[in-house]
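*Asks:* Before anything else, here's the structure in question.
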Amino acid sequence: MFLRAVAVASILLVGCTANPEKVYKPAPLTPDYAVSINWANNFADIGVDKYARLLPAVSETVVIMADSEGHLFHYEKKTGKLLWTKAFDTRFSGGPLVSGDVTILGTQNAEVFALATKDGKQLWKQTLSSEILSTPQIKDDVVIAQTNDGKVYGLSAKSGKVTWVYERNVPVLSLRGNSTPVIVGEKVVVGFASGRLVALAVGDGKLLWESSIAVPKGRTELERMTDIDGPIEYADGVLYASAYHGQVAAIDAESGRIIWTREMSSQLGVTVGEDLVYVTTADGQIWALNRESGATLWMQDNLVELASTRPAIMGDQLVIGDVTGEVYWLSTSDGRLLGRLPYNKVSELSGATDYVDQLDDEGYFPRKRIESSVTFRPEVIGNHVMVTYQSGILASVSAVK
């Protein structure tokens with residue numbers, strides 16, 4: 001029953017974000033920024049699983065990426081040149097997380113892999129109870145991994161041995177995915193499909209506090225979904241999180257006390273700036289809220305039904321991707337749309353195709369168009385932005401006023 005429920009919820013989420021029969025029009029802009037593409041690579045010929053949490057891990061010189069078919073890639077950060085790739089008999093779905101000499105990944109096959117960062121050599125592998133749809137985290141000698149069946153595991157970073165397990169009941173119906181746990185000091189804070197946050201001791205998994213940022217409402221199970229799927233952010237003693245059909249909330253990290261809330265549905269999580277919290281709602285509105293009170297500074301609605309990521313902060317600009325593969329630059333001060341990078345320029349440079357054959361026999365089924373949506377938040381590195389696309393493209397881009 002659970003698997004069927006998750007499938008229905010997944011279909012619901014797709015319908016909210018990308019309708020293949022609808023023609024999307026780019027949002028209107030003020031005079032464009034000069035946008036340049038530093039490099040673009042097609043790392044996954046058939047696209048990537050839209051529910052996998054596969055984001056680039058960036059070091060001073062290297063960009064590390066994984067795909068849904070079990071491949072690990074190392075690219076030169078400056079040029080995008082492929083340094084090496086390695087294949088594994090699995091389906092990566094969470095990560096990679098790079099911690100010095102070790103790279104950690106989660107899989108749809110309920111596995112956690114620890115690999116040597118320099119060459120991809122497998123150090124250990126541990127099989128858990130369910131697929132891992134968020135990026136595992138590491139604190140000292142403990143790897144934290146959340147599975148899709150409501151469990152959180154503490155693993156030995158040296159051997160992969162399970163040292164503790166924490167479990168919550170999973171609602172009958174939920175969105176497919178999990179929020180990425182955040183480590184604050186000696187505690188790890190985790191969001192669940194019930195709309196609750198819990199803080200656990202990193203060393204033994206002991207429950208320290210729990211707090212609710214969404215209360216199920218409505219008569220149907222669809223209306224009562226309150227998943228915390230987006231990343232939780234921490235700044236200056238405060239946690240910031242959002243829930244689908246729930247609220248955006250600021251929570252005291254020490255006690256779990258709710259500081260403020262705003263009625264706002266978002267499965268994407270929030271982005272925390274110096275003074276503001278930025279939110280992309282489920283319908284594509286972009287909000288800027290005061291960090292201390294939750295009061296609204298501005299709201300941008302030109303990306304309704306388009307925006308597919310939470311905002312990334314790049315100086316005095318925000319960077320947001322949409323369901324068609326467009327990347328937008330917005331002003332942090334008032335939300336004005338400043339510039340746009342069209343998807344076709346990126347796809348042309350990468351050499352990617354818009355279609356994939358469903359079977360070897362091309363005449364048996366029509367070819368399927370690969371979705372071009374920008375996945376999750378773009379990664380800002382200095383003056384560049386790393387963007388991942390559902391179509392399997394990884395690109396480094398930049399914009400100058």
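In the structure tokens, chains take the letters A, B, ... in the order shown, each chain's residues start at 1, and ligands count up from 1 in the order shown.
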Taking 5 positions as the minimum chain separation for residues in the same chain, which residues sit within 10 Å of Leu83 (chain A) when counting only C-alpha atoms? Answer as a list of chain:residue names.

*Replies:* A:Val62, A:Val63, A:Phe73, A:His74, A:Tyr75, A:Glu76

*Asks:* Using the selection just defined, write its residues with N, CA and C atoms as a PDB file, in the first residue's frame.

*Replies:*
ATOM      1  N   VAL A  62      38.071  20.349  -8.348  1.00  0.00           N
ATOM      2  CA  VAL A  62      37.319  19.245  -8.957  1.00  0.00           C
ATOM      3  C   VAL A  62      35.825  19.379  -8.676  1.00  0.00           C
ATOM      4  N   VAL A  63      35.001  18.945  -9.653  1.00  0.00           N
ATOM      5  CA  VAL A  63      33.569  18.807  -9.476  1.00  0.00           C
ATOM      6  C   VAL A  63      33.242  17.315  -9.571  1.00  0.00           C
ATOM      7  N   PHE A  73      31.579  10.597 -11.627  1.00  0.00           N
ATOM      8  CA  PHE A  73      32.381  11.407 -12.539  1.00  0.00           C
ATOM      9  C   PHE A  73      33.218  12.410 -11.759  1.00  0.00           C
ATOM     10  N   HIS A  74      34.450  12.616 -12.211  1.00  0.00           N
ATOM     11  CA  HIS A  74      35.304  13.690 -11.700  1.00  0.00           C
ATOM     12  C   HIS A  74      35.641  14.622 -12.857  1.00  0.00           C
ATOM     13  N   TYR A  75      35.243  15.905 -12.713  1.00  0.00           N
ATOM     14  CA  TYR A  75      35.511  16.904 -13.742  1.00  0.00           C
ATOM     15  C   TYR A  75      36.488  17.947 -13.212  1.00  0.00           C
ATOM     16  N   GLU A  76      37.295  18.485 -14.104  1.00  0.00           N
ATOM     17  CA  GLU A  76      38.122  19.617 -13.742  1.00  0.00           C
ATOM     18  C   GLU A  76      37.217  20.833 -13.573  1.00  0.00           C
TER      19      GLU A  76
END

*Asks:* Looking only at the backbone, which of the residues in region 54-248 of chain A does DSSP tag as strand (DSSP E or B), as an MDAnalysis selection string?

*Replies:* chainID A and resid 54 57:58 62:66 71:76 82:87 92:99 102:107 111:116 122:127 137:139 142:146 151:156 162:167 182:184 187:191 196:201 207:212 233:235 238:242 247:248

*Asks:* Dump C-alpha atoms for the selected residues as a short mmCIF file (atom, residue, chain, number, x, y, z; two decimals), in the first residue's frame?

*Replies:*
data_model
loop_
_atom_site.label_atom_id
_atom_site.label_comp_id
_atom_site.auth_asym_id
_atom_site.auth_seq_id
_atom_site.Cartn_x
_atom_site.Cartn_y
_atom_site.Cartn_z
CA LEU A 54 22.14 14.03 -7.03
CA ALA A 57 30.14 18.26 -4.92
CA VAL A 58 32.67 21.01 -5.58
CA VAL A 62 37.32 19.25 -8.96
CA VAL A 63 33.57 18.81 -9.48
CA ILE A 64 32.24 15.36 -8.50
CA MET A 65 28.92 14.13 -9.89
CA ALA A 66 26.97 10.86 -9.86
CA HIS A 71 28.36 6.23 -12.57
CA LEU A 72 30.70 8.53 -10.68
CA PHE A 73 32.38 11.41 -12.54
CA HIS A 74 35.30 13.69 -11.70
CA TYR A 75 35.51 16.90 -13.74
CA GLU A 76 38.12 19.62 -13.74
CA LEU A 82 36.38 14.77 -17.58
CA LEU A 83 39.28 13.52 -15.47
CA TRP A 84 37.91 10.03 -14.83
CA THR A 85 34.70 8.06 -14.40
CA LYS A 86 33.85 4.82 -12.67
CA ALA A 87 30.80 2.55 -12.85
CA PHE A 92 22.87 6.34 -7.02
CA SER A 93 20.14 8.56 -5.56
CA GLY A 94 21.68 10.73 -2.82
CA GLY A 95 24.93 12.69 -2.79
CA PRO A 96 27.78 12.80 -3.33
CA LEU A 97 29.07 14.17 -0.04
CA VAL A 98 32.82 14.73 0.00
CA SER A 99 34.60 14.72 3.37
CA VAL A 102 36.14 9.96 1.53
CA THR A 103 33.09 10.38 -0.72
CA ILE A 104 29.70 9.16 0.57
CA LEU A 105 26.69 8.28 -1.63
CA GLY A 106 23.26 6.76 -1.08
CA THR A 107 21.40 4.52 -3.53
CA GLU A 111 22.93 1.15 0.16
CA VAL A 112 25.44 3.63 1.51
CA PHE A 113 28.78 3.66 -0.33
CA ALA A 114 32.04 5.06 1.05
CA LEU A 115 34.57 5.64 -1.74
CA ALA A 116 38.09 7.01 -1.87
CA GLN A 122 35.21 1.29 -2.64
CA LEU A 123 36.10 1.50 1.07
CA TRP A 124 32.89 -0.06 2.36
CA LYS A 125 29.22 -0.56 1.54
CA GLN A 126 26.30 -0.94 3.95
CA THR A 127 22.77 -2.04 3.05
CA GLN A 137 25.98 13.60 6.16
CA ILE A 138 29.13 12.98 8.22
CA LYS A 139 30.21 14.21 11.63
CA VAL A 142 29.53 8.99 12.20
CA VAL A 143 27.77 8.92 8.82
CA ILE A 144 24.08 9.91 9.02
CA ALA A 145 21.72 8.46 6.40
CA GLN A 146 17.93 8.84 6.20
CA LYS A 151 14.41 5.65 9.57
CA VAL A 152 17.61 7.52 10.35
CA TYR A 153 20.85 5.56 10.70
CA GLY A 154 24.15 6.31 12.36
CA LEU A 155 27.00 4.40 10.67
CA SER A 156 30.66 4.09 11.51
CA VAL A 162 25.30 0.43 11.95
CA THR A 163 25.73 1.98 15.40
CA TRP A 164 22.20 3.30 15.97
CA VAL A 165 18.77 3.61 14.32
CA TYR A 166 15.93 6.07 14.95
CA GLU A 167 12.49 5.39 13.44
CA VAL A 182 21.63 19.12 8.93
CA ILE A 183 24.28 18.74 11.61
CA VAL A 184 24.43 21.40 14.31
CA LYS A 187 23.12 17.00 17.08
CA VAL A 188 21.57 16.14 13.72
CA VAL A 189 18.22 17.65 12.74
CA VAL A 190 15.97 15.60 10.44
CA GLY A 191 12.66 16.36 8.71
CA ARG A 196 7.85 17.12 12.13
CA LEU A 197 11.47 18.01 12.81
CA VAL A 198 13.50 15.97 15.28
CA ALA A 199 16.93 16.59 16.78
CA LEU A 200 19.01 13.50 17.52
CA ALA A 201 22.34 13.09 19.28
CA LEU A 207 15.95 12.02 20.74
CA LEU A 208 16.76 15.53 22.02
CA TRP A 209 13.64 17.41 20.89
CA GLU A 210 10.90 17.39 18.28
CA SER A 211 8.83 20.14 16.76
CA SER A 212 5.95 20.32 14.28
CA GLU A 233 19.18 25.39 6.80
CA TYR A 234 20.94 26.62 9.93
CA ALA A 235 22.27 30.09 10.76
CA VAL A 238 18.25 29.14 14.24
CA LEU A 239 16.95 26.41 11.91
CA TYR A 240 14.82 27.29 8.87
CA ALA A 241 12.57 24.73 7.18
CA SER A 242 9.46 24.42 5.03
CA GLN A 247 4.49 26.41 6.86
CA VAL A 248 7.86 28.07 6.56
#

*Asks:* Need the shell around region 338-340 of chain A: protein/DNA/RNA residues with any atom at most 12 Å away, counting only C-alpha atoms. Skip same-chain ones fewer than 5 positions apart. Format as a PyMOL selection string?

*Replies:* chain A and resi 26-37+316-322+325-333+345-346+397-401

*Asks:* Between A:Trp298, A:Trp287, A:Tyr51, A:Tyr389, which one has atoms that come closest to Ser372 (chain A), using only C-alpha atoms?

*Replies:* A:Tyr389

*Asks:* Closest to Ala193 (chain A) among A:Phe376, A:Tyr343, A:Phe88, A:Tyr244, using only C-alpha atoms?

*Replies:*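 For Ala193 (chain A), the nearest of the given residues is A:Tyr244.
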
*Asks:* With only C-alpha atoms as the counted atoms, please give the residues lying no more than 8 Å from Thr147 (chain A), apart from itself and same-chain residues fewer than 4 positions off, as a list in words.

*Replies:*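 Within the cut-off, the hits are Ala110, Leu128, Ser129, Ser130, Glu131, Ile132, Leu133, Lys151, Val152 and Asn178 of chain A.
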
*Asks:* Quick check, in Å to one decimal: how far apart do CA of Asp204 (chain A) and CA of Lys161 (chain A) lie?

*Replies:*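 These atoms are spaced 13.2 Å apart.
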
*Asks:* Just the residues within 10 Å of Thr353 (chain A), please, counting only C-alpha atoms, with nothing from its chain fewer than 5 positions along; format it as a PDB file with C-alpha atoms, in the first residue's frame.

*Replies:*
ATOM      1  CA  ASN A  42      26.234  15.780 -20.856  1.00  0.00           C
ATOM      2  CA  ASP A  45      22.574  10.390 -21.898  1.00  0.00           C
ATOM      3  CA  ILE A  46      19.078   9.287 -20.827  1.00  0.00           C
ATOM      4  CA  GLY A  47      18.582  11.989 -18.202  1.00  0.00           C
ATOM      5  CA  SER A 347      22.132  21.910 -24.478  1.00  0.00           C
ATOM      6  CA  GLU A 348      23.816  22.870 -27.756  1.00  0.00           C
ATOM      7  CA  ARG A 369      11.518  13.689 -24.846  1.00  0.00           C
ATOM      8  CA  ILE A 370      13.844  14.062 -21.866  1.00  0.00           C
ATOM      9  CA  SER A 391      18.230  15.996 -19.038  1.00  0.00           C
ATOM     10  CA  GLY A 392      21.626  14.951 -17.651  1.00  0.00           C
TER      11      GLY A 392
END

*Asks:* CA of Leu268 (chain A) and CA of Thr180 (chain A) are how many Å apart?

*Replies:*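 CA of Thr180 (chain A) lies at a distance of 11.0 Å from CA of Leu268 (chain A).
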
*Asks:* Would you pick out the contacts of Val380 (chain A) at 9 Å or less, using only C-alpha atoms, so that residues sharing its chain but fewer than 5 positions from it are not included, and give the list as a PyMOL selection string?

*Replies:* chain A and resi 312-314+319+385-387

*Asks:* Based on the selection just made, write C-alpha atoms of those residues as a PDB file, in the first residue's frame.

*Replies:*
ATOM      1  CA  ALA A 312      20.719  30.408  -4.642  1.00  0.00           C
ATOM      2  CA  ILE A 313      22.408  33.575  -3.378  1.00  0.00           C
ATOM      3  CA  MET A 314      25.092  35.159  -5.570  1.00  0.00           C
ATOM      4  CA  VAL A 319      19.688  32.397  -9.136  1.00  0.00           C
ATOM      5  CA  VAL A 385      27.038  28.924 -10.837  1.00  0.00           C
ATOM      6  CA  MET A 386      26.939  25.131 -11.212  1.00  0.00           C
ATOM      7  CA  VAL A 387      23.607  24.033 -12.694  1.00  0.00           C
TER       8      VAL A 387
END

*Asks:* Pick from A:Ile232, A:Gly237, A:Asp334, A:Ser179: nearest to Leu276 (chain A), with only C-alpha atoms counted?

*Replies:*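 Of A:Ile232, A:Gly237, A:Asp334, A:Ser179, the one nearest Leu276 (chain A) is A:Asp334, counting only C-alpha atoms.
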
*Asks:* Quote the spacing between CA of Ser255 (chain A) and CA of Ile213 (chain A) in Å to one decimal place.

*Replies:*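 So the two atoms, CA of Ser255 (chain A) and CA of Ile213 (chain A), lie 14.3 Å apart.
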
*Asks:* Quick one: residues within 6 Å of region 39-41 of chain A, only C-alpha atoms counted, chain neighbours fewer than 6 positions away excluded, as number ranges by chain?

*Replies:* A: 80, 350, 393-396

*Asks:* Check region 310-398 of chain A with DSSP on the backbone and list each residue it calls helix (DSSP H, G or I), as a PyMOL selection string.

*Replies:* chain A and resi 343-350

*Asks:* With N, CA and C atoms retained, write the just-selected residues as a tab-separated table (two decimals), in the first residue's frame.

*Replies:*
chain	number	residue	atom	x	y	z
A	343	TYR	N	17.78	27.46	-22.06
A	343	TYR	CA	18.23	26.07	-22.01
A	343	TYR	C	18.89	25.64	-23.31
A	344	ASN	N	18.39	26.12	-24.44
A	344	ASN	CA	18.91	25.64	-25.73
A	344	ASN	C	20.39	25.97	-25.91
A	345	LYS	N	20.86	27.10	-25.33
A	345	LYS	CA	22.28	27.45	-25.45
A	345	LYS	C	23.15	26.44	-24.68
A	346	VAL	N	22.66	26.01	-23.52
A	346	VAL	CA	23.40	25.04	-22.71
A	346	VAL	C	23.40	23.67	-23.38
A	347	SER	N	22.23	23.24	-23.86
A	347	SER	CA	22.13	21.91	-24.48
A	347	SER	C	22.96	21.81	-25.75
A	348	GLU	N	23.01	22.88	-26.53
A	348	GLU	CA	23.82	22.87	-27.76
A	348	GLU	C	25.29	22.71	-27.44
A	349	LEU	N	25.78	23.42	-26.45
A	349	LEU	CA	27.18	23.34	-26.09
A	349	LEU	C	27.54	21.97	-25.50
A	350	SER	N	26.61	21.38	-24.77
A	350	SER	CA	26.87	20.09	-24.12
A	350	SER	C	26.83	18.92	-25.09
